[in-house]
file final_23.txt (compact mmCIF, N, CA and C atoms)
# COMPACT_ATOMS: atom_id res chain seq x y z
N ASN A 1 0.84 -1.19 0.00
CA ASN A 1 0.00 0.00 0.00
C ASN A 1 0.88 1.24 0.00
N CYS A 2 0.72 2.10 -0.99
CA CYS A 2 1.57 3.28 -1.16
C CYS A 2 0.91 4.56 -0.66
N GLU A 3 -0.24 4.46 -0.03
CA GLU A 3 -0.92 5.66 0.45
C GLU A 3 -0.22 6.22 1.67
N MET A 4 -0.20 7.56 1.74
CA MET A 4 0.39 8.25 2.89
C MET A 4 -0.73 8.81 3.75
N ASN A 5 -0.49 8.78 5.06
CA ASN A 5 -1.44 9.46 5.93
C ASN A 5 -1.11 10.95 5.93
N PRO A 6 -1.98 11.80 6.44
CA PRO A 6 -1.74 13.25 6.39
C PRO A 6 -0.43 13.68 7.05
N GLN A 7 -0.03 13.02 8.13
CA GLN A 7 1.22 13.39 8.80
C GLN A 7 2.42 13.06 7.92
N GLN A 8 2.41 11.92 7.27
CA GLN A 8 3.50 11.56 6.36
C GLN A 8 3.59 12.55 5.20
N PHE A 9 2.43 12.95 4.68
CA PHE A 9 2.39 13.93 3.60
C PHE A 9 2.98 15.26 4.07
N ALA A 10 2.58 15.70 5.26
CA ALA A 10 3.11 16.95 5.82
C ALA A 10 4.61 16.85 6.06
N ASP A 11 5.07 15.69 6.53
CA ASP A 11 6.50 15.49 6.78
C ASP A 11 7.32 15.62 5.50
N LEU A 12 6.77 15.23 4.37
CA LEU A 12 7.49 15.41 3.10
C LEU A 12 7.84 16.87 2.88
N PHE A 13 6.90 17.76 3.18
CA PHE A 13 7.18 19.19 3.04
C PHE A 13 8.20 19.65 4.08
N GLY A 14 8.13 19.07 5.26
CA GLY A 14 9.11 19.39 6.29
C GLY A 14 10.52 19.01 5.87
N TYR A 15 10.67 17.81 5.33
CA TYR A 15 11.99 17.37 4.88
C TYR A 15 12.46 18.17 3.67
N ALA A 16 11.55 18.52 2.77
CA ALA A 16 11.92 19.35 1.62
C ALA A 16 12.38 20.73 2.09
N GLY A 17 11.69 21.29 3.06
CA GLY A 17 12.09 22.57 3.62
C GLY A 17 13.43 22.46 4.33
N ALA A 18 13.64 21.37 5.03
CA ALA A 18 14.91 21.15 5.73
C ALA A 18 16.06 21.09 4.73
N LEU A 19 15.88 20.33 3.68
CA LEU A 19 16.93 20.21 2.67
C LEU A 19 17.21 21.56 2.01
N THR A 20 16.16 22.29 1.68
CA THR A 20 16.33 23.60 1.07
C THR A 20 17.06 24.56 2.01
N GLY A 21 16.69 24.54 3.28
CA GLY A 21 17.36 25.39 4.27
C GLY A 21 18.84 25.10 4.38
N ILE A 22 19.18 23.83 4.39
CA ILE A 22 20.60 23.44 4.47
C ILE A 22 21.34 23.90 3.22
N ILE A 23 20.73 23.70 2.07
CA ILE A 23 21.39 24.08 0.81
C ILE A 23 21.67 25.58 0.76
N THR A 24 20.83 26.40 1.37
CA THR A 24 21.03 27.85 1.31
C THR A 24 22.30 28.30 2.03
N PHE A 25 22.72 27.59 3.05
CA PHE A 25 23.91 27.98 3.81
C PHE A 25 25.20 27.41 3.20
N ILE A 26 25.12 26.29 2.53
CA ILE A 26 26.33 25.59 2.07
C ILE A 26 27.18 26.43 1.11
N PRO A 27 26.62 27.09 0.10
CA PRO A 27 27.49 27.86 -0.80
C PRO A 27 28.28 28.95 -0.07
N GLN A 28 27.64 29.61 0.88
CA GLN A 28 28.34 30.67 1.62
C GLN A 28 29.46 30.09 2.46
N ALA A 29 29.19 29.01 3.18
CA ALA A 29 30.22 28.37 4.00
C ALA A 29 31.37 27.87 3.14
N TYR A 30 31.04 27.27 2.01
CA TYR A 30 32.09 26.75 1.11
C TYR A 30 32.94 27.90 0.58
N ASP A 31 32.30 28.98 0.15
CA ASP A 31 33.03 30.13 -0.38
C ASP A 31 33.98 30.71 0.66
N ILE A 32 33.53 30.81 1.89
CA ILE A 32 34.40 31.32 2.96
C ILE A 32 35.56 30.37 3.19
N TRP A 33 35.27 29.07 3.23
CA TRP A 33 36.33 28.08 3.44
C TRP A 33 37.37 28.15 2.33
N LYS A 34 36.92 28.32 1.10
CA LYS A 34 37.81 28.33 -0.06
C LYS A 34 38.61 29.62 -0.16
N THR A 35 37.95 30.77 0.03
CA THR A 35 38.61 32.06 -0.22
C THR A 35 39.12 32.75 1.03
N LYS A 36 38.58 32.39 2.19
CA LYS A 36 38.88 33.07 3.46
C LYS A 36 38.44 34.53 3.43
N ASN A 37 37.57 34.88 2.50
CA ASN A 37 37.08 36.25 2.36
C ASN A 37 35.69 36.36 2.96
N THR A 38 35.55 37.19 3.97
CA THR A 38 34.24 37.37 4.62
C THR A 38 33.78 38.83 4.56
N LYS A 39 34.44 39.62 3.74
CA LYS A 39 34.13 41.05 3.68
C LYS A 39 32.66 41.32 3.38
N SER A 40 32.06 40.57 2.48
CA SER A 40 30.68 40.83 2.07
C SER A 40 29.64 40.15 2.96
N ILE A 41 30.08 39.49 4.02
CA ILE A 41 29.18 38.76 4.91
C ILE A 41 28.70 39.70 6.02
N SER A 42 27.41 39.70 6.26
CA SER A 42 26.85 40.47 7.35
C SER A 42 26.87 39.62 8.63
N LEU A 43 27.70 40.04 9.58
CA LEU A 43 27.79 39.32 10.85
C LEU A 43 26.44 39.31 11.56
N LEU A 44 25.77 40.44 11.61
CA LEU A 44 24.48 40.52 12.29
C LEU A 44 23.47 39.54 11.67
N SER A 45 23.44 39.45 10.36
CA SER A 45 22.51 38.53 9.70
C SER A 45 22.74 37.09 10.15
N PHE A 46 23.98 36.66 10.18
CA PHE A 46 24.26 35.28 10.56
C PHE A 46 24.08 35.04 12.05
N VAL A 47 24.31 36.05 12.86
CA VAL A 47 24.02 35.92 14.29
C VAL A 47 22.51 35.74 14.48
N LEU A 48 21.73 36.55 13.80
CA LEU A 48 20.27 36.44 13.93
C LEU A 48 19.75 35.12 13.34
N LEU A 49 20.28 34.69 12.22
CA LEU A 49 19.88 33.41 11.65
C LEU A 49 20.21 32.26 12.59
N SER A 50 21.37 32.34 13.22
CA SER A 50 21.77 31.29 14.17
C SER A 50 20.90 31.32 15.42
N LEU A 51 20.57 32.51 15.89
CA LEU A 51 19.67 32.62 17.03
C LEU A 51 18.31 32.03 16.69
N GLY A 52 17.82 32.33 15.50
CA GLY A 52 16.56 31.74 15.05
C GLY A 52 16.63 30.22 15.01
N ALA A 53 17.77 29.68 14.57
CA ALA A 53 17.94 28.22 14.53
C ALA A 53 17.90 27.63 15.94
N ILE A 54 18.46 28.33 16.90
CA ILE A 54 18.40 27.86 18.29
C ILE A 54 16.95 27.78 18.77
N PHE A 55 16.18 28.82 18.46
CA PHE A 55 14.76 28.80 18.84
C PHE A 55 14.02 27.66 18.15
N TRP A 56 14.33 27.42 16.88
CA TRP A 56 13.68 26.32 16.16
C TRP A 56 14.07 24.97 16.74
N ILE A 57 15.31 24.83 17.19
CA ILE A 57 15.74 23.58 17.83
C ILE A 57 14.94 23.34 19.11
N ILE A 58 14.78 24.38 19.90
CA ILE A 58 13.98 24.25 21.13
C ILE A 58 12.56 23.85 20.78
N TYR A 59 11.97 24.52 19.79
CA TYR A 59 10.62 24.20 19.35
C TYR A 59 10.54 22.73 18.89
N ALA A 60 11.50 22.31 18.09
CA ALA A 60 11.50 20.95 17.56
C ALA A 60 11.59 19.92 18.69
N LEU A 61 12.40 20.21 19.69
CA LEU A 61 12.52 19.28 20.82
C LEU A 61 11.21 19.22 21.62
N LEU A 62 10.57 20.35 21.78
CA LEU A 62 9.32 20.39 22.54
C LEU A 62 8.16 19.74 21.80
N THR A 63 8.21 19.77 20.46
CA THR A 63 7.11 19.23 19.66
C THR A 63 7.46 17.92 18.97
N ASN A 64 8.68 17.45 19.19
CA ASN A 64 9.14 16.20 18.58
C ASN A 64 9.07 16.27 17.05
N SER A 65 9.52 17.38 16.48
CA SER A 65 9.50 17.58 15.04
C SER A 65 10.89 17.29 14.48
N ILE A 66 11.06 16.09 13.96
CA ILE A 66 12.37 15.66 13.45
C ILE A 66 12.85 16.51 12.27
N PRO A 67 12.00 16.83 11.27
CA PRO A 67 12.50 17.67 10.17
C PRO A 67 13.01 19.02 10.64
N VAL A 68 12.28 19.66 11.53
CA VAL A 68 12.69 20.98 12.04
C VAL A 68 13.99 20.85 12.84
N LEU A 69 14.09 19.82 13.65
CA LEU A 69 15.30 19.59 14.44
C LEU A 69 16.50 19.36 13.54
N ALA A 70 16.34 18.49 12.55
CA ALA A 70 17.46 18.12 11.67
C ALA A 70 18.01 19.34 10.93
N VAL A 71 17.14 20.10 10.31
CA VAL A 71 17.64 21.24 9.54
C VAL A 71 18.30 22.26 10.43
N ASN A 72 17.77 22.50 11.60
CA ASN A 72 18.32 23.56 12.43
C ASN A 72 19.59 23.17 13.14
N ILE A 73 19.80 21.90 13.38
CA ILE A 73 21.11 21.46 13.89
C ILE A 73 22.19 21.72 12.85
N VAL A 74 21.88 21.41 11.60
CA VAL A 74 22.85 21.68 10.53
C VAL A 74 23.03 23.18 10.33
N LEU A 75 21.92 23.92 10.35
CA LEU A 75 22.01 25.37 10.14
C LEU A 75 22.78 26.07 11.25
N ILE A 76 22.59 25.65 12.48
CA ILE A 76 23.34 26.29 13.57
C ILE A 76 24.84 25.96 13.44
N THR A 77 25.14 24.76 13.00
CA THR A 77 26.54 24.38 12.78
C THR A 77 27.17 25.25 11.69
N LEU A 78 26.48 25.36 10.55
CA LEU A 78 27.00 26.20 9.47
C LEU A 78 27.02 27.67 9.86
N GLY A 79 25.98 28.12 10.56
CA GLY A 79 25.92 29.51 11.00
C GLY A 79 27.06 29.88 11.94
N VAL A 80 27.33 29.02 12.89
CA VAL A 80 28.43 29.27 13.83
C VAL A 80 29.77 29.26 13.09
N TYR A 81 29.93 28.34 12.14
CA TYR A 81 31.15 28.32 11.33
C TYR A 81 31.33 29.65 10.61
N ILE A 82 30.26 30.13 9.96
CA ILE A 82 30.34 31.38 9.21
C ILE A 82 30.63 32.55 10.15
N ILE A 83 30.00 32.58 11.31
CA ILE A 83 30.27 33.65 12.29
C ILE A 83 31.72 33.61 12.74
N LEU A 84 32.22 32.44 13.08
CA LEU A 84 33.62 32.33 13.53
C LEU A 84 34.59 32.74 12.44
N MET A 85 34.31 32.37 11.20
CA MET A 85 35.19 32.76 10.10
C MET A 85 35.12 34.27 9.85
N LYS A 86 33.92 34.85 10.01
CA LYS A 86 33.79 36.30 9.86
C LYS A 86 34.62 37.01 10.91
N LEU A 87 34.60 36.52 12.13
CA LEU A 87 35.40 37.14 13.20
C LEU A 87 36.89 36.92 12.98
N LYS A 88 37.25 35.76 12.46
CA LYS A 88 38.66 35.44 12.23
C LYS A 88 39.25 36.22 11.06
N TYR A 89 38.50 36.38 9.98
CA TYR A 89 39.03 36.98 8.76
C TYR A 89 38.54 38.39 8.49
N LYS A 90 38.15 39.14 9.54
CA LYS A 90 37.68 40.50 9.25
C LYS A 90 38.79 41.42 8.84
call {"tool": "encode", "arguments": {"input": "final_23.txt", "output": "structure tokens"}}
result
Amino acid sequence: NCEMNPQQFADLFGYAGALTGIITFIPQAYDIWKTKNTKSISLLSFVLLSLGAIFWIIYALLTNSIPVLAVNIVLITLGVYIILMKLKYK
């Protein structure tokens, strides 16, 4: 039986959103790693994005939302990396 229940259907969008969210940070992190250039990076933006990821992690833990938890663990990792590189290479 290939039918999905409503929660499984909703989870597909959660995982798609998680994957998209992760993909948005990867090019920036890779570019910083490769070039060591952070001049065009807004420190405040990445601090706020990382803070938002922390709030989403708390929400995911409280609601047992695996897609939200997964994406935000990766996003906070990439966000902290970008923040640290911005501070290191200013």
call {"tool": "atom_distance", "arguments": {"input": "final_23.txt", "atom1": "atom N of Ser40 of chain A", "atom2": "atom C of Gly52 of chain A"}}
result
22.4 Å
call {"tool": "closest_residue", "arguments": {"input": "final_23.txt", "among": "A:Ala53, A:Leu69, A:Val47, A:Leu75", "to": "Ile22 of chain A", "atoms": "only N, CA and C atoms"}}
result
A:Leu75
call {"tool": "residues_around", "arguments": {"input": "final_23.txt", "residues": "segment 26-36 of chain A", "least_positions_apart": "5", "cutoff": "7 Å", "atoms": "all atoms listed in the file", "output": "list in words"}}
result
Gly21, Leu78, Tyr81, Ile82 and Tyr89 of chain A
call {"tool": "atom_distance", "arguments": {"input": "final_23.txt", "atom1": "atom N of Asn37 of chain A", "atom2": "atom N of Phe55 of chain A"}}
result
27.4 Å
call {"tool": "closest_residue", "arguments": {"input": "final_23.txt", "among": "A:Leu44, A:Ile58, A:Leu87, A:Ile66", "to": "Tyr15 of chain A", "atoms": "all atoms listed in the file"}}
result
A:Ile66
call {"tool": "select_by_dssp", "arguments": {"input": "final_23.txt", "residues": "chain A", "states": "alpha helix (DSSP H)", "output": "JSON, numbers by chain"}}
result
{"A": [6, 7, 8, 9, 10, 11, 12, 13, 14, 15, 16, 17, 18, 19, 20, 21, 22, 23, 24, 25, 26, 27, 28, 29, 30, 31, 32, 33, 34, 35, 43, 44, 45, 46, 47, 48, 49, 50, 51, 52, 53, 54, 55, 56, 57, 58, 59, 60, 61, 62, 63, 66, 67, 68, 69, 70, 71, 72, 73, 74, 75, 76, 77, 78, 79, 80, 81, 82, 83, 84, 85, 86, 87, 88]}
call {"tool": "atom_distance", "arguments": {"input": "final_23.txt", "atom1": "atom C of Gly14 of chain A", "atom2": "atom C of Pro67 of chain A"}}
result
5.4 Å
call {"tool": "closest_residue", "arguments": {"input": "final_23.txt", "among": "A:Val74, A:Ala10, A:Ile41, A:Ala16", "to": "Lys86 of chain A", "atoms": "only N, CA and C atoms"}}
result
A:Ile41
call {"tool": "closest_residue", "arguments": {"input": "final_23.txt", "among": "A:Ile76, A:Val71, A:Ile23, A:Leu61", "to": "Leu49 of chain A", "atoms": "all atoms listed in the file"}}
result
A:Ile76
call {"tool": "closest_residue", "arguments": {"input": "final_23.txt", "among": "A:Val68, A:Ile57, A:Leu51, A:Leu62", "to": "Phe13 of chain A", "atoms": "only C-alpha atoms"}}
result
A:Val68
call {"tool": "closest_residue", "arguments": {"input": "final_23.txt", "among": "A:Phe25, A:Leu43, A:Glu3, A:Asp11", "to": "Lys90 of chain A", "atoms": "only C-alpha atoms"}}
result
A:Leu43
call {"tool": "build_atoms", "arguments": {"input": "final_23.txt", "residues": "segment 52-70 of chain A", "atoms": "N, CA, C and O atoms", "output": "compact mmCIF listing (two decimals), in the frame of the given file"}}
result
# COMPACT_ATOMS: atom_id res chain seq x y z
N GLY A 52 17.82 32.33 15.50
CA GLY A 52 16.56 31.74 15.05
C GLY A 52 16.63 30.22 15.01
O GLY A 52 15.69 29.53 15.41
N ALA A 53 17.77 29.68 14.57
CA ALA A 53 17.94 28.22 14.53
C ALA A 53 17.90 27.63 15.94
O ALA A 53 17.33 26.55 16.14
N ILE A 54 18.46 28.33 16.90
CA ILE A 54 18.40 27.86 18.29
C ILE A 54 16.95 27.78 18.77
O ILE A 54 16.53 26.81 19.38
N PHE A 55 16.18 28.82 18.46
CA PHE A 55 14.76 28.80 18.84
C PHE A 55 14.02 27.66 18.15
O PHE A 55 13.18 27.00 18.76
N TRP A 56 14.33 27.42 16.88
CA TRP A 56 13.68 26.32 16.16
C TRP A 56 14.07 24.97 16.74
O TRP A 56 13.25 24.04 16.78
N ILE A 57 15.31 24.83 17.19
CA ILE A 57 15.74 23.58 17.83
C ILE A 57 14.94 23.34 19.11
O ILE A 57 14.47 22.23 19.36
N ILE A 58 14.78 24.38 19.90
CA ILE A 58 13.98 24.25 21.13
C ILE A 58 12.56 23.85 20.78
O ILE A 58 11.98 22.94 21.38
N TYR A 59 11.97 24.52 19.79
CA TYR A 59 10.62 24.20 19.35
C TYR A 59 10.54 22.73 18.89
O TYR A 59 9.61 22.01 19.27
N ALA A 60 11.50 22.31 18.09
CA ALA A 60 11.50 20.95 17.56
C ALA A 60 11.59 19.92 18.69
O ALA A 60 10.92 18.87 18.64
N LEU A 61 12.40 20.21 19.69
CA LEU A 61 12.52 19.28 20.82
C LEU A 61 11.21 19.22 21.62
O LEU A 61 10.80 18.15 22.07
N LEU A 62 10.57 20.35 21.78
CA LEU A 62 9.32 20.39 22.54
C LEU A 62 8.16 19.74 21.80
O LEU A 62 7.22 19.23 22.42
N THR A 63 8.21 19.77 20.46
CA THR A 63 7.11 19.23 19.66
C THR A 63 7.46 17.92 18.97
O THR A 63 6.64 17.38 18.23
N ASN A 64 8.68 17.45 19.19
CA ASN A 64 9.14 16.20 18.58
C ASN A 64 9.07 16.27 17.05
O ASN A 64 8.63 15.32 16.39
N SER A 65 9.52 17.38 16.48
CA SER A 65 9.50 17.58 15.04
C SER A 65 10.89 17.29 14.48
O SER A 65 11.78 18.15 14.50
N ILE A 66 11.06 16.09 13.96
CA ILE A 66 12.37 15.66 13.45
C ILE A 66 12.85 16.51 12.27
O ILE A 66 14.01 16.91 12.25
N PRO A 67 12.00 16.83 11.27
CA PRO A 67 12.50 17.67 10.17
C PRO A 67 13.01 19.02 10.64
O PRO A 67 14.07 19.48 10.20
N VAL A 68 12.28 19.66 11.53
CA VAL A 68 12.69 20.98 12.04
C VAL A 68 13.99 20.85 12.84
O VAL A 68 14.90 21.67 12.71
N LEU A 69 14.09 19.82 13.65
CA LEU A 69 15.30 19.59 14.44
C LEU A 69 16.50 19.36 13.54
O LEU A 69 17.56 19.97 13.72
N ALA A 70 16.34 18.49 12.55
CA ALA A 70 17.46 18.12 11.67
C ALA A 70 18.01 19.34 10.93
O ALA A 70 19.23 19.57 10.94
